[in-house]
>>> print(open('coords.tsv').read())   # TSV, C-alpha atoms
chain	number	residue	atom	x	y	z
A	157	MET	CA	-16.86	122.11	-134.64
A	158	CYS	CA	-15.83	121.72	-131.00
A	159	LYS	CA	-16.57	125.39	-130.40
A	160	TYR	CA	-20.04	124.91	-131.90
A	161	ILE	CA	-20.74	121.85	-129.69
A	162	ASP	CA	-19.54	123.75	-126.64
A	163	TYR	CA	-21.77	126.72	-127.55
A	164	MET	CA	-24.83	124.51	-128.02
A	165	SER	CA	-24.13	122.76	-124.71
A	166	ARG	CA	-23.95	126.09	-122.88
A	167	LEU	CA	-27.10	127.30	-124.65
A	168	HIS	CA	-28.97	124.15	-123.63
A	169	LYS	CA	-27.87	124.57	-119.99
A	170	LYS	CA	-28.95	128.21	-120.03
A	171	ARG	CA	-32.39	127.35	-121.44
A	172	ARG	CA	-32.83	124.56	-118.87
A	173	PHE	CA	-31.77	126.94	-116.10
A	174	ILE	CA	-34.31	129.57	-117.23
A	175	TYR	CA	-37.04	126.91	-117.43
A	176	GLN	CA	-36.31	125.69	-113.90
A	177	ILE	CA	-36.44	129.22	-112.54
A	178	LYS	CA	-39.77	129.96	-114.20
A	179	GLN	CA	-41.33	126.97	-112.46
A	180	GLN	CA	-40.90	128.64	-109.06
A	181	LYS	CA	-44.10	130.70	-108.85
A	182	GLY	CA	-43.22	132.92	-111.77
A	183	MET	CA	-39.81	133.52	-110.19
A	184	SER	CA	-41.34	135.35	-107.22
A	185	LEU	CA	-39.72	133.01	-104.68
A	186	VAL	CA	-36.33	132.62	-106.36
A	187	PRO	CA	-33.27	133.66	-104.32
A	188	GLY	CA	-30.44	135.69	-105.75
A	189	TYR	CA	-28.30	138.79	-105.41
A	190	ILE	CA	-29.59	142.35	-105.49
A	191	TYR	CA	-26.91	144.81	-106.50
A	192	PHE	CA	-26.17	148.51	-106.86
A	193	ILE	CA	-23.96	149.00	-109.91
A	194	ARG	CA	-22.28	152.29	-110.75
A	195	GLU	CA	-20.24	153.48	-113.75
A	196	ARG	CA	-16.80	155.08	-113.76
A	197	ASP	CA	-15.21	156.75	-116.77
A	198	PHE	CA	-12.02	154.97	-117.89
A	199	LEU	CA	-10.34	158.19	-119.04
A	200	THR	CA	-11.28	160.68	-116.33
A	201	ASN	CA	-11.96	158.22	-113.49
A	202	GLN	CA	-15.12	160.25	-112.83
A	203	VAL	CA	-17.92	158.32	-111.11
A	204	GLY	CA	-21.39	158.69	-112.61
A	205	GLY	CA	-24.40	160.00	-110.72
A	206	TYR	CA	-26.63	157.06	-111.63
A	207	VAL	CA	-26.84	153.69	-109.91
A	208	LYS	CA	-28.40	150.54	-111.35
A	209	ILE	CA	-30.58	148.55	-108.96
A	210	GLY	CA	-30.73	145.07	-110.47
A	211	LEU	CA	-30.47	141.37	-109.72
A	212	THR	CA	-28.92	138.05	-110.55
A	213	ARG	CA	-30.89	134.89	-109.81
A	214	GLU	CA	-29.91	131.77	-107.91
A	215	GLU	CA	-26.13	131.49	-107.36
A	216	ARG	CA	-25.06	133.59	-110.34
A	217	PRO	CA	-22.45	136.03	-109.01
A	218	VAL	CA	-22.74	139.77	-109.54
A	219	SER	CA	-19.34	139.66	-111.25
A	220	ALA	CA	-20.94	137.65	-114.07
A	221	ARG	CA	-23.56	140.35	-114.49
A	222	LEU	CA	-20.84	142.96	-114.67
A	223	SER	CA	-19.23	140.97	-117.47
A	224	ASP	CA	-22.52	141.11	-119.39
A	225	HIS	CA	-22.51	144.90	-119.11
A	226	LYS	CA	-18.99	145.27	-120.52
A	227	THR	CA	-20.23	144.74	-124.07
A	228	ALA	CA	-20.25	148.01	-126.02
A	229	ASN	CA	-19.85	150.05	-122.82
A	230	PRO	CA	-17.00	152.60	-122.81
A	231	ARG	CA	-17.24	152.95	-119.01
A	232	GLU	CA	-16.17	150.68	-116.20
A	233	GLU	CA	-19.01	149.21	-114.13
A	234	TYR	CA	-18.53	148.09	-110.56
A	235	SER	CA	-20.76	146.89	-107.76
A	236	GLU	CA	-21.11	149.54	-105.09
A	237	TRP	CA	-22.95	147.09	-102.84
A	238	ASP	CA	-24.68	143.73	-103.26
A	239	ILE	CA	-26.21	141.06	-101.05
A	240	GLN	CA	-27.93	137.70	-101.39
A	241	VAL	CA	-31.66	137.70	-100.57
A	242	PRO	CA	-34.38	135.01	-100.30
A	243	MET	CA	-36.81	136.44	-102.93
A	244	VAL	CA	-34.76	138.61	-105.24
A	245	ASP	CA	-37.43	139.43	-107.86
A	246	LYS	CA	-39.83	140.66	-105.20
A	247	LEU	CA	-37.16	142.77	-103.56
A	248	GLU	CA	-35.97	144.30	-106.83
A	249	THR	CA	-39.55	145.29	-107.73
A	250	TYR	CA	-40.02	146.65	-104.19
A	251	MET	CA	-36.92	148.82	-104.49
A	252	HIS	CA	-37.88	150.08	-107.96
A	253	HIS	CA	-41.25	151.24	-106.64
A	254	TYR	CA	-39.92	152.51	-103.32
A	255	PHE	CA	-37.46	154.81	-105.07
A	256	ALA	CA	-39.56	155.56	-108.17
A	257	GLU	CA	-39.08	159.31	-107.82
A	258	HIS	CA	-35.29	158.73	-108.06
A	259	ARG	CA	-35.58	156.56	-111.18
A	260	ILE	CA	-34.42	158.01	-114.48
A	261	THR	CA	-35.30	155.10	-116.74
A	262	GLY	CA	-35.25	151.31	-116.60
A	263	GLU	CA	-33.16	150.18	-113.63
A	264	TRP	CA	-31.08	153.37	-113.41
A	265	PHE	CA	-31.64	155.72	-110.48
A	266	GLU	CA	-30.26	159.15	-109.66
A	267	MET	CA	-28.62	158.44	-106.29
A	268	ASP	CA	-25.13	159.20	-105.08
A	269	ASN	CA	-23.14	156.87	-102.85
A	270	SER	CA	-24.30	158.49	-99.61
A	271	GLU	CA	-27.96	158.13	-100.64
A	272	VAL	CA	-27.45	154.48	-101.55
A	273	MET	CA	-25.78	153.77	-98.21
A	274	SER	CA	-28.10	155.82	-96.00
A	275	LEU	CA	-31.46	155.43	-97.80
A	276	ALA	CA	-31.50	152.33	-100.01
A	277	ILE	CA	-29.41	149.76	-98.17
A	278	PRO	CA	-31.34	150.00	-94.87
A	279	ILE	CA	-34.54	149.27	-96.84
A	280	VAL	CA	-32.91	146.24	-98.49
A	281	GLN	CA	-31.79	144.92	-95.10
A	282	GLN	CA	-35.22	145.47	-93.57
A	283	VAL	CA	-37.08	143.67	-96.37
A	284	LEU	CA	-34.42	140.92	-96.48
A	285	ALA	CA	-35.12	140.15	-92.81
A	286	GLU	CA	-38.87	140.13	-93.48
A	287	GLN	CA	-38.40	137.84	-96.49
A	288	ALA	CA	-36.41	135.38	-94.39
A	289	VAL	CA	-39.46	134.99	-92.15
A	290	THR	CA	-42.13	135.13	-94.87
A	291	LYS	CA	-40.69	132.88	-97.59
A	292	PRO	CA	-41.09	129.65	-95.55
A	293	LEU	CA	-44.66	130.72	-94.79
A	294	LEU	CA	-45.41	131.25	-98.49
A	295	LEU	CA	-43.89	127.88	-99.39
A	296	ASN	CA	-45.90	126.16	-96.65
A	297	LYS	CA	-49.02	127.99	-97.81
A	298	ASP	CA	-48.67	126.17	-101.15
A	299	ILE	CA	-48.46	122.87	-99.27
A	300	LEU	CA	-51.52	123.76	-97.22
A	301	LYS	CA	-53.41	124.58	-100.43
A	302	ALA	CA	-53.02	120.97	-101.55
A	303	THR	CA	-53.85	119.58	-98.10
A	304	VAL	CA	-57.46	118.61	-97.34
A	305	SER	CA	-58.83	120.70	-94.46
A	306	ASN	CA	-60.10	118.82	-91.41
A	307	GLY	CA	-63.44	120.63	-91.02
A	308	ASN	CA	-62.48	122.12	-87.65
A	309	VAL	CA	-63.93	125.56	-86.84
A	310	ARG	CA	-62.42	127.33	-83.84
A	311	ALA	CA	-62.21	130.68	-82.09
A	312	PRO	CA	-59.14	132.89	-82.66
A	313	THR	CA	-56.27	133.19	-80.23
A	314	PRO	CA	-55.19	136.70	-79.18
A	315	ALA	CA	-52.20	136.41	-81.55
A	316	GLU	CA	-54.48	135.45	-84.44
A	317	SER	CA	-56.83	138.35	-83.71
A	318	ALA	CA	-53.87	140.75	-83.64
A	319	MET	CA	-52.55	139.40	-86.96
A	320	HIS	CA	-56.04	139.73	-88.44
A	321	GLN	CA	-56.12	143.39	-87.43
A	322	ALA	CA	-52.69	143.89	-89.02
A	323	TYR	CA	-54.01	142.34	-92.24
A	324	ILE	CA	-57.10	144.58	-92.26
A	325	ALA	CA	-54.95	147.66	-91.66
A	326	ALA	CA	-52.64	146.70	-94.53
A	327	ASP	CA	-55.61	145.98	-96.80
A	328	GLU	CA	-57.16	149.38	-96.08
A	329	GLY	CA	-53.79	151.08	-96.49
A	330	LEU	CA	-53.42	149.39	-99.86
A	331	LYS	CA	-56.85	150.56	-101.02
A	332	ILE	CA	-56.03	154.13	-100.03
A	333	SER	CA	-52.58	154.13	-101.64
A	334	LYS	CA	-53.92	152.55	-104.84
A	335	ALA	CA	-56.63	155.19	-105.03
A	336	LEU	CA	-54.03	157.97	-104.75
A	337	TYR	CA	-51.96	156.26	-107.45
A	338	GLU	CA	-54.98	155.88	-109.74
A	339	ILE	CA	-55.99	159.53	-109.27
A	340	LYS	CA	-52.58	160.72	-110.48
A	341	ASP	CA	-52.65	158.15	-113.29
A	342	LYS	CA	-56.03	159.47	-114.48
A	343	GLU	CA	-54.94	163.10	-114.14
A	344	LEU	CA	-51.96	162.41	-116.40
A	345	ARG	CA	-54.16	160.63	-118.95
A	346	ALA	CA	-56.53	163.58	-118.95
A	347	MET	CA	-53.63	165.81	-120.05
A	348	ILE	CA	-53.09	163.85	-123.29
A	349	GLY	CA	-56.02	165.47	-125.10
A	350	THR	CA	-55.61	164.95	-128.85
A	351	SER	CA	-51.80	164.79	-128.73
A	352	ASP	CA	-49.53	161.84	-129.46
A	353	GLY	CA	-48.56	161.54	-125.81
A	354	ILE	CA	-46.50	163.83	-123.59
A	355	GLU	CA	-42.79	164.33	-124.22
A	356	ARG	CA	-40.73	162.03	-121.93
A	357	ILE	CA	-43.77	161.29	-119.75
A	358	ILE	CA	-46.40	159.45	-121.77
A	359	ASN	CA	-45.78	157.32	-124.83
A	360	LEU	CA	-48.74	156.21	-126.96
A	361	GLN	CA	-48.19	152.82	-128.58
A	362	GLN	CA	-50.34	151.55	-131.42
A	363	LYS	CA	-50.87	147.86	-130.84
A	364	SER	CA	-52.73	145.07	-132.58
A	365	GLN	CA	-55.45	143.13	-130.79
A	366	GLY	CA	-56.17	139.47	-131.09
A	367	PRO	CA	-59.43	138.51	-132.80
A	368	THR	CA	-62.58	137.72	-130.82
A	369	PHE	CA	-63.64	134.09	-130.78
A	370	ASP	CA	-67.28	133.08	-131.11
A	371	LYS	CA	-67.11	130.05	-128.86
A	372	SER	CA	-70.88	129.39	-128.89
A	373	GLY	CA	-71.00	129.45	-132.68
A	374	PHE	CA	-67.95	127.21	-132.93
A	375	LEU	CA	-69.36	124.62	-130.54
A	376	ALA	CA	-72.70	124.63	-132.38
A	377	ALA	CA	-70.89	123.79	-135.62
A	378	LEU	CA	-69.39	120.55	-134.26
A	379	THR	CA	-70.78	117.08	-133.66
A	380	ASP	CA	-70.52	115.47	-130.22
A	381	PRO	CA	-67.53	113.30	-131.23
A	382	GLN	CA	-65.81	116.41	-132.59
A	383	LEU	CA	-66.56	118.33	-129.39
A	384	ALA	CA	-64.86	115.60	-127.37
A	385	LEU	CA	-61.62	116.27	-129.24
A	386	CYS	CA	-61.69	119.90	-128.07
A	387	ASN	CA	-61.60	119.02	-124.39
A	388	VAL	CA	-58.68	118.42	-122.03
A	389	THR	CA	-58.69	116.85	-118.58
A	390	SER	CA	-56.86	118.28	-115.60
A	391	GLN	CA	-56.79	118.08	-111.84
A	392	THR	CA	-58.81	120.59	-109.86
A	393	SER	CA	-57.04	122.90	-107.44
A	394	ASN	CA	-58.24	124.52	-104.24
A	395	GLY	CA	-58.52	128.28	-104.20
A	396	GLY	CA	-56.88	130.55	-101.66
A	397	PRO	CA	-58.08	131.37	-98.15
A	398	LYS	CA	-60.83	133.89	-97.50
A	399	ILE	CA	-59.93	136.47	-94.88
A	400	THR	CA	-62.89	138.01	-93.09
A	401	GLY	CA	-63.47	141.75	-92.88
A	402	GLY	CA	-62.13	144.59	-94.94
A	403	ARG	CA	-64.05	147.64	-96.06
A	404	THR	CA	-64.52	149.26	-99.44
A	405	LEU	CA	-62.77	152.53	-100.22
A	406	ALA	CA	-66.14	154.29	-99.98
A	407	LYS	CA	-66.40	153.16	-96.36
A	408	ILE	CA	-62.74	153.80	-95.52
A	409	ASP	CA	-62.48	157.28	-97.01
A	410	PRO	CA	-65.59	158.58	-98.84
A	411	VAL	CA	-63.88	161.87	-99.78
A	412	LEU	CA	-60.98	160.02	-101.44
A	413	ASN	CA	-63.43	157.66	-103.13
A	414	ASP	CA	-65.30	160.64	-104.62
A	415	ALA	CA	-62.02	162.21	-105.78
A	416	LYS	CA	-61.13	158.96	-107.52
A	417	LYS	CA	-64.49	158.94	-109.32
A	418	VAL	CA	-63.99	162.56	-110.45
A	419	ALA	CA	-60.51	161.79	-111.81
A	420	THR	CA	-61.78	158.68	-113.58
A	421	ASP	CA	-64.65	160.54	-115.21
A	422	ALA	CA	-62.31	163.31	-116.40
A	423	ALA	CA	-59.85	160.92	-118.04
A	424	PRO	CA	-60.51	159.31	-121.45
A	425	ALA	CA	-61.67	155.71	-121.27
A	426	SER	CA	-59.52	155.07	-124.34
A	427	VAL	CA	-57.29	157.11	-126.65
A	428	PRO	CA	-58.32	157.29	-130.34
A	429	LEU	CA	-55.93	156.09	-133.04
A	430	ALA	CA	-56.21	159.59	-134.55
A	431	ASN	CA	-53.96	160.88	-131.75
A	432	LYS	CA	-50.99	159.21	-133.45
A	433	SER	CA	-51.32	161.68	-136.32
A	434	ASN	CA	-50.82	164.69	-134.04
A	435	PRO	CA	-47.70	166.17	-132.43
A	436	VAL	CA	-46.43	165.09	-129.03
A	437	LEU	CA	-47.36	167.53	-126.25
A	438	PRO	CA	-44.21	169.39	-125.11
A	439	ILE	CA	-43.10	168.80	-121.54
A	440	THR	CA	-43.64	171.67	-119.07
A	441	GLN	CA	-42.89	172.20	-115.40
A	442	PRO	CA	-46.55	171.66	-114.34
A	443	LEU	CA	-46.54	168.36	-116.25
A	444	LYS	CA	-43.26	167.38	-114.58
A	445	ASP	CA	-44.77	168.21	-111.18
A	446	LEU	CA	-47.85	166.09	-111.87
A	447	HIS	CA	-45.73	163.20	-113.12
A	448	MET	CA	-43.50	163.35	-110.05
A	449	GLU	CA	-46.59	163.26	-107.84
A	450	PHE	CA	-47.58	160.11	-109.73
A	451	LEU	CA	-44.16	158.53	-109.12
A	452	GLN	CA	-44.30	159.42	-105.43
A	453	THR	CA	-47.52	157.42	-104.96
A	454	MET	CA	-45.81	154.18	-106.01
A	455	ARG	CA	-43.89	153.73	-102.76
A	456	ALA	CA	-46.95	153.52	-100.50
A	457	VAL	CA	-48.62	150.99	-102.83
A	458	LYS	CA	-45.66	148.62	-102.68
A	459	ILE	CA	-45.24	148.97	-98.91
A	460	ALA	CA	-48.92	148.16	-98.29
A	461	GLU	CA	-48.86	145.24	-100.76
A	462	TRP	CA	-45.91	143.68	-98.96
A	463	GLU	CA	-47.44	144.23	-95.51
A	464	LYS	CA	-50.67	142.60	-96.66
A	465	GLU	CA	-48.83	139.65	-98.19
A	466	GLN	CA	-46.86	139.06	-94.99
A	467	ALA	CA	-49.95	139.19	-92.77
A	468	GLY	CA	-51.91	136.98	-95.17
A	469	ALA	CA	-49.15	134.34	-95.17
A	470	GLN	CA	-49.07	134.42	-91.36
A	471	LEU	CA	-52.84	133.94	-91.11
A	472	ALA	CA	-52.86	131.03	-93.56
A	473	ASN	CA	-50.18	129.26	-91.54
A	474	MET	CA	-51.97	130.00	-88.27
A	475	LEU	CA	-55.07	128.34	-89.73
A	476	GLY	CA	-53.06	125.29	-90.78
A	477	VAL	CA	-55.27	122.34	-91.72
A	478	ASP	CA	-58.27	123.73	-89.83
A	479	GLU	CA	-61.15	124.95	-91.95
A	480	GLU	CA	-61.99	128.20	-90.19
A	481	ILE	CA	-60.94	130.61	-87.49
A	482	THR	CA	-64.20	132.36	-86.66
A	483	GLY	CA	-64.26	135.97	-87.77
A	484	VAL	CA	-60.71	135.75	-89.14
A	485	ILE	CA	-60.10	133.29	-91.96
A	486	SER	CA	-61.69	130.29	-93.68
A	487	TRP	CA	-60.19	127.85	-96.15
A	488	LYS	CA	-62.11	124.76	-97.18
A	489	ARG	CA	-59.82	122.43	-99.10
A	490	VAL	CA	-61.14	119.31	-100.74
A	491	PRO	CA	-59.44	116.38	-102.49
A	492	SER	CA	-58.38	117.00	-106.07
A	493	THR	CA	-60.66	115.61	-108.77
A	494	THR	CA	-60.45	115.33	-112.52
A	495	GLU	CA	-62.31	117.92	-114.57
A	496	THR	CA	-62.88	118.30	-118.30
A	497	LYS	CA	-62.60	121.71	-119.92
A	498	PHE	CA	-62.79	123.19	-123.38
A	499	SER	CA	-59.36	123.97	-124.83
A	500	ALA	CA	-59.05	126.57	-127.57
A	501	ALA	CA	-55.62	125.16	-128.44
A	502	GLU	CA	-57.05	121.66	-128.99
A	503	ALA	CA	-59.99	123.10	-130.93
A	504	LYS	CA	-57.67	124.97	-133.28
A	505	LYS	CA	-55.38	121.96	-133.65
A	506	HIS	CA	-58.17	119.58	-134.68
A	507	PHE	CA	-60.52	121.95	-136.54
A	508	GLU	CA	-58.42	124.89	-137.69
A	509	ASN	CA	-60.66	125.95	-140.60
A	510	ILE	CA	-63.84	125.91	-138.51
A	511	TYR	CA	-62.04	127.65	-135.68
A	512	ASN	CA	-60.73	130.42	-137.94
A	513	ALA	CA	-64.20	130.91	-139.42
A	514	HIS	CA	-65.41	131.93	-135.97
A	515	LEU	CA	-62.75	134.57	-135.43
A	516	THR	CA	-63.57	138.25	-135.89
A	517	PRO	CA	-60.66	140.66	-136.37
A	518	ARG	CA	-60.39	143.63	-134.04
A	519	PRO	CA	-58.87	147.01	-134.93
A	520	ASP	CA	-55.60	148.27	-133.49
A	521	HIS	CA	-55.80	150.17	-130.23
A	522	ILE	CA	-53.69	152.67	-128.32
A	523	ALA	CA	-51.79	151.59	-125.22
A	524	VAL	CA	-50.88	154.41	-122.83
A	525	ASP	CA	-47.43	153.96	-121.35
A	526	ILE	CA	-46.71	156.34	-118.45
A	527	ALA	CA	-43.00	156.56	-117.62
A	528	LYS	CA	-42.16	154.87	-114.29
A	529	GLY	CA	-39.18	157.18	-113.90
A	530	HIS	CA	-38.33	160.77	-114.77
A	531	PRO	CA	-36.06	160.99	-117.86
A	532	TYR	CA	-35.89	164.74	-117.50
A	533	ALA	CA	-34.23	167.25	-115.15
A	534	TYR	CA	-36.19	167.85	-111.96
A	535	PRO	CA	-36.96	170.25	-110.41
>>> encode(input="coords.tsv", output="structure tokens")
Amino acid sequence: MCKYIDYMSRLHKKRRFIYQIKQQKGMSLVPGYIYFIRERDFLTNQVGGYVKIGLTREERPVSARLSDHKTANPREEYSEWDIQVPMVDKLETYMHHYFAEHRITGEWFEMDNSEVMSLAIPIVQQVLAEQAVTKPLLLNKDILKATVSNGNVRAPTPAESAMHQAYIAADEGLKISKALYEIKDKELRAMIGTSDGIERIINLQQKSQGPTFDKSGFLAALTDPQLALCNVTSQTSNGGPKITGGRTLAKIDPVLNDAKKVATDAAPASVPLANKSNPVLPITQPLKDLHMEFLQTMRAVKIAEWEKEQAGAQLANMLGVDEEITGVISWKRVPSTTETKFSAAEAKKHFENIYNAHLTPRPDHIAVDIAKGHPYAYP
């Protein structure tokens, strides 16, 4: 009985811990440890060629994570290198994208010790330093969002103009890198044809879809007192800042924009369910090459995203409580008010039968899952 009480107590603490973490902006600003774990064979003492790039959140030590991995694992796992960082989820995702072409599957990457030390760790240290500067700016940006702006419109300082140019450059770099990523994504999808995916590269998953809800018909079926029961009240929230400038991809690089359109037109808008009845397309070297080109585009996307986020946080803090920096950024923030909105959850709770009568089932669909690593020998 005591063991059961102790177990339930630990379970409750764990659930409370997870809940607290999830409150922090979807865990994007949570600190923790990023680690590089490697395996060593107990019998031969041979070190494996794969390294796991993962994380522990808050103050949980890496040693505790290693204990988790001991279950049903006939190899010894040890931390090759780990360090505490300000925003561990962001950094882990950054590293996974940065080294996508090294990824085999999940969090396991094909990197030896020298590659980890010479390639990966300098990137961790660079981003760690940038996070140390940017995290306070992101936290203060949330405070500024809830702060009423003072109506002041002013000209930019030289530093603000320079940061604005850095933001525009990052934004354009992101549009270019995303276009290159999307072109390779579409080219891979175009290779599916009538097959049930591509061996080790593309997995087709048959998934159910939620029904469509005829909101207009549902509302028309209720009386005014009944409608009132379907509403919830909440406090309004200010949106984010608007940063001036930025060009479309067509203006930045018309040739790349046309190439993206060609790739999009050549790829299927959706994959028929009938594909699941056919064989999987065997993997070939040309398909491996195309898939690796896809993986290689992921690094530039993540670099540009992070550069844009840093510059955007800087600009928001430079603006402060002012309402606009002319030609750079504007952010009108007003006092919070109460608003009333329709709630599907309340509608279903109070009028389940009427609600269900206005649902229309939808057929299953195919989700295309392109591997974010290469679980095959390359080259």
>>> closest_residue(input="coords.tsv", among="A:Lys301, A:Arg345, A:Lys331, A:Lys464", to="Asp409 of chain A", atoms="all atoms listed in the file")
A:Lys331
>>> atom_distance(input="coords.tsv", atom1="atom CA of His447 of chain A", atom2="atom CA of Ile357 of chain A")
7.2 Å
>>> closest_residue(input="coords.tsv", among="A:Ala326, A:Ala256, A:Leu515, A:Ala527", to="Leu344 of chain A", atoms="all atoms listed in the file")
A:Ala527
>>> closest_atom_pairs(input="coords.tsv", of="segment 213-263 of chain A", to="segment 276-298 of chain A", cutoff="9 Å", atoms="only C-alpha atoms", output="CSV")
residue,atom,partner,partner_atom,distance
A:Trp237,CA,A:Ile277,CA,8.4
A:Ile239,CA,A:Val280,CA,8.8
A:Gln240,CA,A:Leu284,CA,8.8
A:Val241,CA,A:Leu284,CA,5.9
A:Pro242,CA,A:Gln287,CA,6.2
A:Met243,CA,A:Gln287,CA,6.8
A:Leu247,CA,A:Val283,CA,7.2
A:Tyr250,CA,A:Val283,CA,8.9
A:Met251,CA,A:Val280,CA,7.7
A:Phe255,CA,A:Ala276,CA,8.2
>>> closest_residue(input="coords.tsv", among="A:Leu185, A:Met454, A:Ala377, A:Leu199", to="Asn509 of chain A", atoms="only C-alpha atoms")
A:Ala377
>>> residues_around(input="coords.tsv", residues="Asn394 of chain A", least_positions_apart="5", cutoff="8 Å", atoms="all atoms listed in the file", output="PyMOL selection string")
chain A and resi 301-302+489-490+492
>>> atom_distance(input="coords.tsv", atom1="atom CA of Arg403 of chain A", atom2="atom CA of Ala419 of chain A")
21.5 Å
>>> atom_distance(input="coords.tsv", atom1="atom CA of Ser305 of chain A", atom2="atom CA of Val477 of chain A")
4.8 Å
>>> residues_around(input="coords.tsv", residues="Ile354 of chain A", least_positions_apart="2", cutoff="6 Å", atoms="all atoms listed in the file", output="ChimeraX atom specification")
/A:357-358,436-437
>>> write_last_selection(input="coords.tsv", atoms="C-alpha atoms", output="PDB file, in the coordinates of the input")
ATOM      1  CA  ILE A 357     -43.770 161.290-119.750  1.00  0.00           C
ATOM      2  CA  ILE A 358     -46.400 159.450-121.770  1.00  0.00           C
ATOM      3  CA  VAL A 436     -46.430 165.090-129.030  1.00  0.00           C
ATOM      4  CA  LEU A 437     -47.360 167.530-126.250  1.00  0.00           C
TER       5      LEU A 437
END
>>> residues_around(input="coords.tsv", residues="Val427 of chain A", least_positions_apart="3", cutoff="10 Å", atoms="all atoms listed in the file", output="VMD selection string")
chain A and resid 345 348 to 353 360 423 to 424 430 to 432 521 to 524
>>> closest_residue(input="coords.tsv", among="A:Ala501, A:Val203, A:Asp341, A:Ile510", to="Leu378 of chain A", atoms="all atoms listed in the file")
A:Ile510
>>> closest_residue(input="coords.tsv", among="A:Tyr254, A:Leu300, A:Cys386, A:Ile193", to="Asn473 of chain A", atoms="all atoms listed in the file")
A:Leu300
>>> closest_residue(input="coords.tsv", among="A:Thr400, A:Thr516, A:Asn359, A:Thr453", to="Gln321 of chain A", atoms="only C-alpha atoms")
A:Thr400
>>> residues_around(input="coords.tsv", residues="Arg310 of chain A", least_positions_apart="4", cutoff="9 Å", atoms="all atoms listed in the file", output="ChimeraX atom specification")
/A:478-482
>>> write_last_selection(input="coords.tsv", atoms="C-alpha atoms", output="compact mmCIF listing (two decimals), keeping the file's coordinate frame")
# COMPACT_ATOMS: atom_id res chain seq x y z
CA ASP A 478 -58.27 123.73 -89.83
CA GLU A 479 -61.15 124.95 -91.95
CA GLU A 480 -61.99 128.20 -90.19
CA ILE A 481 -60.94 130.61 -87.49
CA THR A 482 -64.20 132.36 -86.66
>>> closest_atom_pairs(input="coords.tsv", of="segment 444-516 of chain A", to="segment 361-369 of chain A", cutoff="12 Å", atoms="only C-alpha atoms", output="tab-separated table")
residue	atom	partner	partner_atom	distance
A:Ala500	CA	A:Phe369	CA	9.4
A:Ala503	CA	A:Phe369	CA	11.6
A:Lys504	CA	A:Phe369	CA	11.2
A:Ile510	CA	A:Phe369	CA	11.3
A:Tyr511	CA	A:Phe369	CA	8.2
A:Asn512	CA	A:Phe369	CA	8.6
A:Ala513	CA	A:Phe369	CA	9.2
A:His514	CA	A:Phe369	CA	5.9
A:Leu515	CA	A:Phe369	CA	4.8
A:Thr516	CA	A:Pro367	CA	5.2
>>> write_last_selection(input="coords.tsv", atoms="C-alpha atoms", output="PDB file, keeping the file's coordinate frame")
ATOM      1  CA  ALA A 500     -59.050 126.570-127.570  1.00  0.00           C
ATOM      2  CA  ALA A 503     -59.990 123.100-130.930  1.00  0.00           C
ATOM      3  CA  LYS A 504     -57.670 124.970-133.280  1.00  0.00           C
ATOM      4  CA  ILE A 510     -63.840 125.910-138.510  1.00  0.00           C
ATOM      5  CA  TYR A 511     -62.040 127.650-135.680  1.00  0.00           C
ATOM      6  CA  ASN A 512     -60.730 130.420-137.940  1.00  0.00           C
ATOM      7  CA  ALA A 513     -64.200 130.910-139.420  1.00  0.00           C
ATOM      8  CA  HIS A 514     -65.410 131.930-135.970  1.00  0.00           C
ATOM      9  CA  LEU A 515     -62.750 134.570-135.430  1.00  0.00           C
ATOM     10  CA  THR A 516     -63.570 138.250-135.890  1.00  0.00           C
TER      11      THR A 516
END
>>> axis_aligned_box(input="coords.tsv", around="segment 308-325 of chain A", padding_each_side="8 Å", output="lines of an AutoDock Vina configuration file")
center_x = -58.1
center_y = 134.9
center_z = -85.7
size_x = 27.7
size_y = 41.5
size_z = 29.1
